[in-house]
$ cat my_file.cif   # mmCIF, N, CA and C atoms
data_input
#
loop_
_atom_site.group_PDB
_atom_site.id
_atom_site.type_symbol
_atom_site.label_atom_id
_atom_site.label_comp_id
_atom_site.auth_asym_id
_atom_site.auth_seq_id
_atom_site.Cartn_x
_atom_site.Cartn_y
_atom_site.Cartn_z
ATOM 1 N N MET A 1 13.172 -12.595 0.644
ATOM 2 C CA MET A 1 12.981 -12.269 2.056
ATOM 3 C C MET A 1 12.465 -10.836 2.164
ATOM 4 N N ILE A 2 11.408 -10.641 2.918
ATOM 5 C CA ILE A 2 10.854 -9.289 3.036
ATOM 6 C C ILE A 2 11.119 -8.657 4.401
ATOM 7 N N GLU A 3 11.857 -9.328 5.268
ATOM 8 C CA GLU A 3 12.193 -8.705 6.548
ATOM 9 C C GLU A 3 13.009 -7.444 6.286
ATOM 10 N N GLY A 4 12.648 -6.354 6.987
ATOM 11 C CA GLY A 4 13.316 -5.075 6.799
ATOM 12 C C GLY A 4 12.689 -4.213 5.719
ATOM 13 N N LYS A 5 11.764 -4.763 4.935
ATOM 14 C CA LYS A 5 11.081 -4.018 3.877
ATOM 15 C C LYS A 5 9.841 -3.324 4.436
ATOM 16 N N ILE A 6 9.401 -2.278 3.753
ATOM 17 C CA ILE A 6 8.152 -1.608 4.094
ATOM 18 C C ILE A 6 7.069 -2.205 3.194
ATOM 19 N N VAL A 7 5.960 -2.599 3.815
ATOM 20 C CA VAL A 7 4.893 -3.263 3.072
ATOM 21 C C VAL A 7 3.526 -2.695 3.434
ATOM 22 N N LYS A 8 2.580 -2.935 2.521
ATOM 23 C CA LYS A 8 1.165 -2.686 2.809
ATOM 24 C C LYS A 8 0.504 -4.052 2.907
ATOM 25 N N VAL A 9 -0.212 -4.292 3.994
ATOM 26 C CA VAL A 9 -0.936 -5.545 4.182
ATOM 27 C C VAL A 9 -2.424 -5.225 4.162
ATOM 28 N N ARG A 10 -3.148 -5.894 3.260
ATOM 29 C CA ARG A 10 -4.608 -5.775 3.239
ATOM 30 C C ARG A 10 -5.175 -7.011 3.939
ATOM 31 N N PHE A 11 -6.063 -6.773 4.894
ATOM 32 C CA PHE A 11 -6.677 -7.859 5.640
ATOM 33 C C PHE A 11 -7.865 -8.422 4.876
ATOM 34 N N LYS A 12 -8.133 -9.707 5.060
ATOM 35 C CA LYS A 12 -9.299 -10.341 4.455
ATOM 36 C C LYS A 12 -10.561 -9.780 5.092
ATOM 37 N N LYS A 13 -11.615 -9.681 4.276
ATOM 38 C CA LYS A 13 -12.942 -9.326 4.780
ATOM 39 C C LYS A 13 -13.781 -10.592 4.745
ATOM 40 N N TYR A 14 -14.410 -10.900 5.859
ATOM 41 C CA TYR A 14 -15.185 -12.123 5.959
ATOM 42 C C TYR A 14 -16.687 -11.907 5.774
ATOM 43 N N PHE A 15 -17.139 -10.629 5.799
ATOM 44 C CA PHE A 15 -18.541 -10.321 5.514
ATOM 45 C C PHE A 15 -18.609 -8.898 4.963
ATOM 46 N N SER A 16 -19.653 -8.607 4.187
ATOM 47 C CA SER A 16 -19.720 -7.348 3.433
ATOM 48 C C SER A 16 -19.790 -6.107 4.323
ATOM 49 N N GLU A 17 -20.330 -6.215 5.511
ATOM 50 C CA GLU A 17 -20.443 -5.050 6.406
ATOM 51 C C GLU A 17 -19.139 -4.714 7.120
ATOM 52 N N GLN A 18 -18.158 -5.568 7.030
ATOM 53 C CA GLN A 18 -16.881 -5.364 7.713
ATOM 54 C C GLN A 18 -16.145 -4.165 7.120
ATOM 55 N N LYS A 19 -15.561 -3.334 7.972
ATOM 56 C CA LYS A 19 -14.783 -2.183 7.516
ATOM 57 C C LYS A 19 -13.483 -2.649 6.894
ATOM 58 N N GLY A 20 -13.057 -1.928 5.839
ATOM 59 C CA GLY A 20 -11.781 -2.242 5.217
ATOM 60 C C GLY A 20 -10.630 -1.828 6.126
ATOM 61 N N TRP A 21 -9.607 -2.669 6.216
ATOM 62 C CA TRP A 21 -8.470 -2.363 7.072
ATOM 63 C C TRP A 21 -7.188 -2.739 6.360
ATOM 64 N N VAL A 22 -6.236 -1.784 6.374
ATOM 65 C CA VAL A 22 -4.914 -1.959 5.770
ATOM 66 C C VAL A 22 -3.896 -1.553 6.823
ATOM 67 N N PHE A 23 -2.733 -2.215 6.827
ATOM 68 C CA PHE A 23 -1.657 -1.840 7.741
ATOM 69 C C PHE A 23 -0.399 -1.644 6.916
ATOM 70 N N ILE A 24 0.249 -0.488 7.077
ATOM 71 C CA ILE A 24 1.503 -0.186 6.383
ATOM 72 C C ILE A 24 2.601 -0.100 7.420
ATOM 73 N N GLY A 25 3.666 -0.881 7.213
ATOM 74 C CA GLY A 25 4.746 -0.861 8.191
ATOM 75 C C GLY A 25 5.983 -1.596 7.719
ATOM 76 N N LYS A 26 7.003 -1.511 8.553
ATOM 77 C CA LYS A 26 8.268 -2.196 8.289
ATOM 78 C C LYS A 26 8.191 -3.603 8.865
ATOM 79 N N VAL A 27 8.583 -4.593 8.065
ATOM 80 C CA VAL A 27 8.531 -5.992 8.492
ATOM 81 C C VAL A 27 9.648 -6.254 9.496
ATOM 82 N N LEU A 28 9.274 -6.642 10.719
ATOM 83 C CA LEU A 28 10.241 -6.985 11.749
ATOM 84 C C LEU A 28 10.555 -8.475 11.716
ATOM 85 N N LYS A 29 9.541 -9.291 11.408
ATOM 86 C CA LYS A 29 9.709 -10.744 11.379
ATOM 87 C C LYS A 29 8.658 -11.320 10.421
ATOM 88 N N PHE A 30 9.057 -12.324 9.642
ATOM 89 C CA PHE A 30 8.171 -12.960 8.672
ATOM 90 C C PHE A 30 8.366 -14.467 8.758
ATOM 91 N N THR A 31 7.311 -15.195 9.134
ATOM 92 C CA THR A 31 7.398 -16.654 9.215
ATOM 93 C C THR A 31 6.297 -17.258 8.352
ATOM 94 N N GLU A 32 6.231 -18.574 8.323
ATOM 95 C CA GLU A 32 5.181 -19.222 7.534
ATOM 96 C C GLU A 32 3.802 -19.043 8.162
ATOM 97 N N ASN A 33 3.739 -18.652 9.441
ATOM 98 C CA ASN A 33 2.457 -18.512 10.136
ATOM 99 C C ASN A 33 2.021 -17.079 10.430
ATOM 100 N N TRP A 34 2.972 -16.147 10.528
ATOM 101 C CA TRP A 34 2.622 -14.783 10.885
ATOM 102 C C TRP A 34 3.663 -13.791 10.387
ATOM 103 N N ILE A 35 3.272 -12.510 10.434
ATOM 104 C CA ILE A 35 4.168 -11.416 10.068
ATOM 105 C C ILE A 35 4.073 -10.366 11.176
ATOM 106 N N MET A 36 5.212 -9.811 11.584
ATOM 107 C CA MET A 36 5.255 -8.761 12.597
ATOM 108 C C MET A 36 5.686 -7.466 11.923
ATOM 109 N N LEU A 37 4.851 -6.414 12.079
ATOM 110 C CA LEU A 37 5.121 -5.120 11.451
ATOM 111 C C LEU A 37 5.151 -4.008 12.480
ATOM 112 N N ASP A 38 5.956 -2.988 12.196
ATOM 113 C CA ASP A 38 5.978 -1.752 12.980
ATOM 114 C C ASP A 38 5.481 -0.655 12.052
ATOM 115 N N GLY A 39 4.258 -0.177 12.290
ATOM 116 C CA GLY A 39 3.708 0.821 11.381
ATOM 117 C C GLY A 39 2.377 1.375 11.846
ATOM 118 N N LYS A 40 1.526 1.720 10.858
ATOM 119 C CA LYS A 40 0.236 2.354 11.133
ATOM 120 C C LYS A 40 -0.881 1.656 10.375
ATOM 121 N N GLY A 41 -2.037 1.602 11.014
ATOM 122 C CA GLY A 41 -3.225 1.045 10.391
ATOM 123 C C GLY A 41 -4.044 2.131 9.717
ATOM 124 N N ILE A 42 -4.767 1.735 8.685
ATOM 125 C CA ILE A 42 -5.686 2.629 7.981
ATOM 126 C C ILE A 42 -7.018 1.899 7.897
ATOM 127 N N ILE A 43 -8.050 2.515 8.448
ATOM 128 C CA ILE A 43 -9.381 1.915 8.404
ATOM 129 C C ILE A 43 -10.256 2.778 7.508
ATOM 130 N N VAL A 44 -11.086 2.130 6.716
ATOM 131 C CA VAL A 44 -11.967 2.829 5.785
ATOM 132 C C VAL A 44 -13.362 2.888 6.380
ATOM 133 N N ILE A 45 -13.906 4.101 6.449
ATOM 134 C CA ILE A 45 -15.222 4.320 7.022
ATOM 135 C C ILE A 45 -16.112 4.879 5.917
ATOM 136 N N LYS A 46 -16.913 4.016 5.314
ATOM 137 C CA LYS A 46 -17.768 4.423 4.200
ATOM 138 C C LYS A 46 -18.832 5.396 4.681
ATOM 139 N N GLY A 47 -19.094 6.438 3.872
ATOM 140 C CA GLY A 47 -20.094 7.435 4.202
ATOM 141 C C GLY A 47 -19.583 8.541 5.102
ATOM 142 N N SER A 48 -18.304 8.525 5.456
ATOM 143 C CA SER A 48 -17.717 9.539 6.332
ATOM 144 C C SER A 48 -17.153 10.692 5.494
ATOM 145 N N VAL A 49 -17.023 11.867 6.115
ATOM 146 C CA VAL A 49 -16.401 13.015 5.440
ATOM 147 C C VAL A 49 -14.950 12.682 5.107
ATOM 148 N N HIS A 50 -14.253 12.032 6.018
ATOM 149 C CA HIS A 50 -12.887 11.557 5.800
ATOM 150 C C HIS A 50 -12.972 10.039 5.685
ATOM 151 N N PRO A 51 -12.999 9.512 4.456
ATOM 152 C CA PRO A 51 -13.266 8.081 4.276
ATOM 153 C C PRO A 51 -12.193 7.142 4.815
ATOM 154 N N ALA A 52 -10.983 7.645 5.082
ATOM 155 C CA ALA A 52 -9.922 6.784 5.621
ATOM 156 C C ALA A 52 -9.320 7.445 6.851
ATOM 157 N N ASP A 53 -9.189 6.662 7.914
ATOM 158 C CA ASP A 53 -8.639 7.148 9.173
ATOM 159 C C ASP A 53 -7.307 6.441 9.426
ATOM 160 N N VAL A 54 -6.219 7.216 9.522
ATOM 161 C CA VAL A 54 -4.868 6.679 9.722
ATOM 162 C C VAL A 54 -4.515 6.788 11.209
ATOM 163 N N ASP A 55 -3.947 5.719 11.768
ATOM 164 C CA ASP A 55 -3.495 5.754 13.164
ATOM 165 C C ASP A 55 -2.593 6.962 13.396
ATOM 166 N N ALA A 56 -2.734 7.606 14.540
ATOM 167 C CA ALA A 56 -1.901 8.761 14.874
ATOM 168 C C ALA A 56 -0.474 8.335 15.231
ATOM 169 N N GLU A 57 -0.334 7.203 15.894
ATOM 170 C CA GLU A 57 0.971 6.728 16.347
ATOM 171 C C GLU A 57 1.296 5.368 15.733
ATOM 172 N N LYS A 58 2.589 5.108 15.558
ATOM 173 C CA LYS A 58 3.025 3.798 15.093
ATOM 174 C C LYS A 58 2.868 2.775 16.217
ATOM 175 N N ARG A 59 2.691 1.518 15.810
ATOM 176 C CA ARG A 59 2.592 0.420 16.781
ATOM 177 C C ARG A 59 3.098 -0.857 16.130
ATOM 178 N N VAL A 60 3.405 -1.841 16.951
ATOM 179 C CA VAL A 60 3.841 -3.143 16.447
ATOM 180 C C VAL A 60 2.610 -4.052 16.424
ATOM 181 N N LEU A 61 2.422 -4.730 15.295
ATOM 182 C CA LEU A 61 1.269 -5.595 15.116
ATOM 183 C C LEU A 61 1.734 -6.968 14.646
ATOM 184 N N LEU A 62 1.200 -8.006 15.254
ATOM 185 C CA LEU A 62 1.486 -9.391 14.873
ATOM 186 C C LEU A 62 0.249 -9.909 14.137
ATOM 187 N N ILE A 63 0.417 -10.263 12.865
ATOM 188 C CA ILE A 63 -0.715 -10.631 12.015
ATOM 189 C C ILE A 63 -0.600 -12.095 11.589
ATOM 190 N N PRO A 64 -1.615 -12.919 11.884
ATOM 191 C CA PRO A 64 -1.612 -14.286 11.368
ATOM 192 C C PRO A 64 -1.691 -14.256 9.841
ATOM 193 N N ARG A 65 -0.899 -15.072 9.168
ATOM 194 C CA ARG A 65 -0.867 -15.069 7.706
ATOM 195 C C ARG A 65 -2.225 -15.412 7.096
ATOM 196 N N GLU A 66 -3.040 -16.220 7.788
ATOM 197 C CA GLU A 66 -4.347 -16.589 7.235
ATOM 198 C C GLU A 66 -5.327 -15.421 7.188
ATOM 199 N N ASN A 67 -5.026 -14.310 7.877
ATOM 200 C CA ASN A 67 -5.888 -13.122 7.857
ATOM 201 C C ASN A 67 -5.487 -12.122 6.774
ATOM 202 N N ILE A 68 -4.456 -12.433 5.998
ATOM 203 C CA ILE A 68 -3.926 -11.498 5.006
ATOM 204 C C ILE A 68 -4.502 -11.804 3.631
ATOM 205 N N ALA A 69 -5.104 -10.772 3.011
ATOM 206 C CA ALA A 69 -5.603 -10.913 1.637
ATOM 207 C C ALA A 69 -4.444 -10.770 0.654
ATOM 208 N N HIS A 70 -3.599 -9.737 0.859
ATOM 209 C CA HIS A 70 -2.392 -9.594 0.033
ATOM 210 C C HIS A 70 -1.384 -8.664 0.697
ATOM 211 N N ILE A 71 -0.150 -8.748 0.195
ATOM 212 C CA ILE A 71 0.955 -7.917 0.676
ATOM 213 C C ILE A 71 1.574 -7.232 -0.529
ATOM 214 N N ARG A 72 1.838 -5.919 -0.422
ATOM 215 C CA ARG A 72 2.557 -5.193 -1.466
ATOM 216 C C ARG A 72 3.801 -4.575 -0.847
ATOM 217 N N ILE A 73 4.945 -4.811 -1.466
ATOM 218 C CA ILE A 73 6.190 -4.191 -1.011
ATOM 219 C C ILE A 73 6.229 -2.761 -1.529
ATOM 220 N N LEU A 74 6.504 -1.816 -0.634
ATOM 221 C CA LEU A 74 6.586 -0.391 -0.972
ATOM 222 C C LEU A 74 8.057 0.024 -1.028
ATOM 223 N N PRO A 75 8.331 1.186 -1.643
ATOM 224 C CA PRO A 75 9.728 1.647 -1.693
ATOM 225 C C PRO A 75 10.303 1.863 -0.294
ATOM 226 N N ASP A 76 11.615 1.679 -0.167
ATOM 227 C CA ASP A 76 12.295 1.839 1.127
ATOM 228 C C ASP A 76 12.169 3.253 1.687
ATOM 229 N N ASN A 77 11.900 4.240 0.817
ATOM 230 C CA ASN A 77 11.796 5.628 1.286
ATOM 231 C C ASN A 77 10.355 6.023 1.632
ATOM 232 N N PHE A 78 9.425 5.062 1.674
ATOM 233 C CA PHE A 78 8.042 5.376 2.053
ATOM 234 C C PHE A 78 8.025 5.887 3.490
ATOM 235 N N ASP A 79 7.375 7.041 3.710
ATOM 236 C CA ASP A 79 7.352 7.683 5.027
ATOM 237 C C ASP A 79 6.131 7.220 5.823
ATOM 238 N N ILE A 80 6.325 6.233 6.677
ATOM 239 C CA ILE A 80 5.235 5.691 7.480
ATOM 240 C C ILE A 80 4.674 6.741 8.437
ATOM 241 N N ASP A 81 5.508 7.659 8.884
ATOM 242 C CA ASP A 81 5.058 8.680 9.834
ATOM 243 C C ASP A 81 4.148 9.723 9.191
ATOM 244 N N ASN A 82 4.185 9.859 7.870
ATOM 245 C CA ASN A 82 3.387 10.875 7.163
ATOM 246 C C ASN A 82 2.650 10.254 5.977
ATOM 247 N N ILE A 83 1.737 9.336 6.266
ATOM 248 C CA ILE A 83 0.974 8.689 5.198
ATOM 249 C C ILE A 83 -0.040 9.684 4.647
ATOM 250 N N LYS A 84 0.019 9.905 3.346
ATOM 251 C CA LYS A 84 -0.892 10.838 2.665
ATOM 252 C C LYS A 84 -1.970 10.026 1.962
ATOM 253 N N ILE A 85 -3.239 10.331 2.274
ATOM 254 C CA ILE A 85 -4.379 9.637 1.687
ATOM 255 C C ILE A 85 -4.987 10.515 0.597
ATOM 256 N N GLU A 86 -5.282 9.903 -0.557
ATOM 257 C CA GLU A 86 -5.903 10.611 -1.682
ATOM 258 C C GLU A 86 -7.121 9.824 -2.147
ATOM 259 N N THR A 87 -8.142 10.551 -2.592
ATOM 260 C CA THR A 87 -9.335 9.925 -3.149
ATOM 261 C C THR A 87 -9.413 10.281 -4.622
ATOM 262 N N ARG A 88 -9.606 9.257 -5.462
ATOM 263 C CA ARG A 88 -9.790 9.447 -6.905
ATOM 264 C C ARG A 88 -11.010 8.663 -7.332
ATOM 265 N N GLY A 89 -12.054 9.401 -7.688
ATOM 266 C CA GLY A 89 -13.296 8.724 -8.051
ATOM 267 C C GLY A 89 -13.831 7.958 -6.861
ATOM 268 N N THR A 90 -13.949 6.645 -7.007
ATOM 269 C CA THR A 90 -14.480 5.817 -5.925
ATOM 270 C C THR A 90 -13.386 5.037 -5.199
ATOM 271 N N ARG A 91 -12.118 5.365 -5.444
ATOM 272 C CA ARG A 91 -10.997 4.636 -4.827
ATOM 273 C C ARG A 91 -10.204 5.536 -3.890
ATOM 274 N N ILE A 92 -9.670 4.931 -2.843
ATOM 275 C CA ILE A 92 -8.814 5.621 -1.877
ATOM 276 C C ILE A 92 -7.415 5.039 -2.028
ATOM 277 N N PHE A 93 -6.393 5.929 -2.073
ATOM 278 C CA PHE A 93 -5.006 5.517 -2.246
ATOM 279 C C PHE A 93 -4.133 6.129 -1.164
ATOM 280 N N ALA A 94 -3.013 5.475 -0.865
ATOM 281 C CA ALA A 94 -1.930 6.072 -0.082
ATOM 282 C C ALA A 94 -0.882 6.489 -1.107
ATOM 283 N N ALA A 95 -0.468 7.747 -1.038
ATOM 284 C CA ALA A 95 0.506 8.272 -1.998
ATOM 285 C C ALA A 95 1.861 7.610 -1.781
ATOM 286 N N VAL A 96 2.505 7.225 -2.894
ATOM 287 C CA VAL A 96 3.816 6.591 -2.849
ATOM 288 C C VAL A 96 4.777 7.433 -3.686
ATOM 289 N N LYS A 97 5.778 8.031 -3.023
ATOM 290 C CA LYS A 97 6.789 8.817 -3.722
ATOM 291 C C LYS A 97 7.645 7.869 -4.571
ATOM 292 N N ASP A 98 7.929 8.273 -5.797
ATOM 293 C CA ASP A 98 8.778 7.492 -6.706
ATOM 294 C C ASP A 98 8.188 6.133 -7.073
ATOM 295 N N GLY A 99 6.866 6.045 -7.119
ATOM 296 C CA GLY A 99 6.245 4.783 -7.510
ATOM 297 C C GLY A 99 4.748 4.940 -7.638
ATOM 298 N N PRO A 100 4.064 3.896 -8.134
ATOM 299 C CA PRO A 100 2.619 3.990 -8.236
ATOM 300 C C PRO A 100 1.979 4.006 -6.845
ATOM 301 N N ASP A 101 0.946 4.845 -6.691
ATOM 302 C CA ASP A 101 0.237 4.901 -5.416
ATOM 303 C C ASP A 101 -0.381 3.537 -5.124
ATOM 304 N N THR A 102 -0.575 3.247 -3.843
ATOM 305 C CA THR A 102 -1.104 1.953 -3.454
ATOM 306 C C THR A 102 -2.559 2.082 -3.026
ATOM 307 N N SER A 103 -3.399 1.221 -3.562
ATOM 308 C CA SER A 103 -4.827 1.248 -3.298
ATOM 309 C C SER A 103 -5.123 0.833 -1.860
ATOM 310 N N ILE A 104 -6.009 1.571 -1.225
ATOM 311 C CA ILE A 104 -6.431 1.246 0.130
ATOM 312 C C ILE A 104 -7.803 0.567 0.089
ATOM 313 N N SER A 105 -8.761 1.186 -0.635
ATOM 314 C CA SER A 105 -10.116 0.632 -0.669
ATOM 315 C C SER A 105 -10.972 1.410 -1.654
ATOM 316 N N GLU A 106 -12.202 0.950 -1.811
ATOM 317 C CA GLU A 106 -13.217 1.702 -2.532
ATOM 318 C C GLU A 106 -14.052 2.448 -1.510
ATOM 319 N N ILE A 107 -14.593 3.586 -1.933
ATOM 320 C CA ILE A 107 -15.450 4.365 -1.029
ATOM 321 C C ILE A 107 -16.803 3.707 -0.971
#

$ encode --input "my_file.cif" --output "structure tokens"
Amino acid sequence: MIEGKIVKVRFKKYFSEQKGWVFIGKVLKFTENWIMLDGKGIIVIKGSVHPADVDAEKRVLLIPRENIAHIRILPDNFDIDNIKIETRGTRIFAAVKDGPDTSISEI
């Protein structure tokens, strides 16, 4: 059961021009059809000075399971309010204290 856990959800991309989108948040509800999270979205903007834009405020998001590419469970101490973005080579990561950083996208 992942309710109450902090997760990173990567959304499916349906065409190559689509911007990459990830949502990191605490799972409020998890069913066979959807997941409800309280957290922040991260959108990747290729060619920008700041390649990843993190939401300023937390929000609740209801995501249909068919739109999810994958889910990664993050440590319980992950600070959703202070997501740190790092770029290494051609990859963008969100820093994870006490664990491996989680990939957001390629630049």

$ select_by_dssp --input "my_file.cif" --residues "chain A" --states "strand (DSSP E)" --output "PyMOL selection string"
chain A and resi 6-11+21-30+34-44+52-54+59-64+68-74+85-88+91-94+102-106

$ resolve_selection --input "my_file.cif" --expression "the PyMOL selection byres (((chain A and resi 53 and name CA) around 9) and name CA)" --output "list in words"
Gly41, Ile42, Ile43, Val44, Ile45, His50, Pro51, Ala52, Val54, Asp55, Ala56 and Ile85 of chain A

$ resolve_selection --input "my_file.cif" --expression "the PyMOL selection byres ((chain A and resi 58) around 6.5)" --output "list in words"
Asp38, Gly39, Lys40, Asp55, Ala56, Glu57, Arg59 and Val60 of chain A

$ resolve_selection --input "my_file.cif" --expression "the PyMOL selection byres ((chain A and resi 65) around 6.5)" --output "number ranges by chain"
A: 32-35, 63-64, 66-68

$ residues_around --input "my_file.cif" --residues "Gly4 in chain A" --least-positions-apart "4" --cutoff "6 Å" --atoms "all atoms listed in the file" --output "ChimeraX atom specification"
/A:26-28

$ closest_residue --input "my_file.cif" --among "A:Asp79, A:Glu106, A:Glu3, A:Glu86" --to "Gly20 in chain A" --atoms "only C-alpha atoms"
A:Glu106

$ select_by_dssp --input "my_file.cif" --residues "chain A" --states "helix (DSSP H, G or I)" --output "PyMOL selection string"
chain A and resi 65-67+80-82

$ closest_residue --input "my_file.cif" --among "A:Arg91, A:Lys84, A:His70, A:Lys29" --to "Lys5 in chain A" --atoms "only C-alpha atoms"
A:Lys29

$ atom_distance --input "my_file.cif" --atom1 "CA of Thr90 in chain A" --atom2 "atom C of Gly25 in chain A"
25.7 Å

$ atom_distance --input "my_file.cif" --atom1 "CA of Arg72 in chain A" --atom2 "CA of Glu17 in chain A"
24.3 Å

$ atom_distance --input "my_file.cif" --atom1 "CA of Leu74 in chain A" --atom2 "atom C of Gln18 in chain A"
24.4 Å

$ closest_residue --input "my_file.cif" --among "A:Met1, A:Ile104, A:Ile6, A:Val49" --to "Asn77 in chain A" --atoms "all atoms listed in the file"
A:Ile6
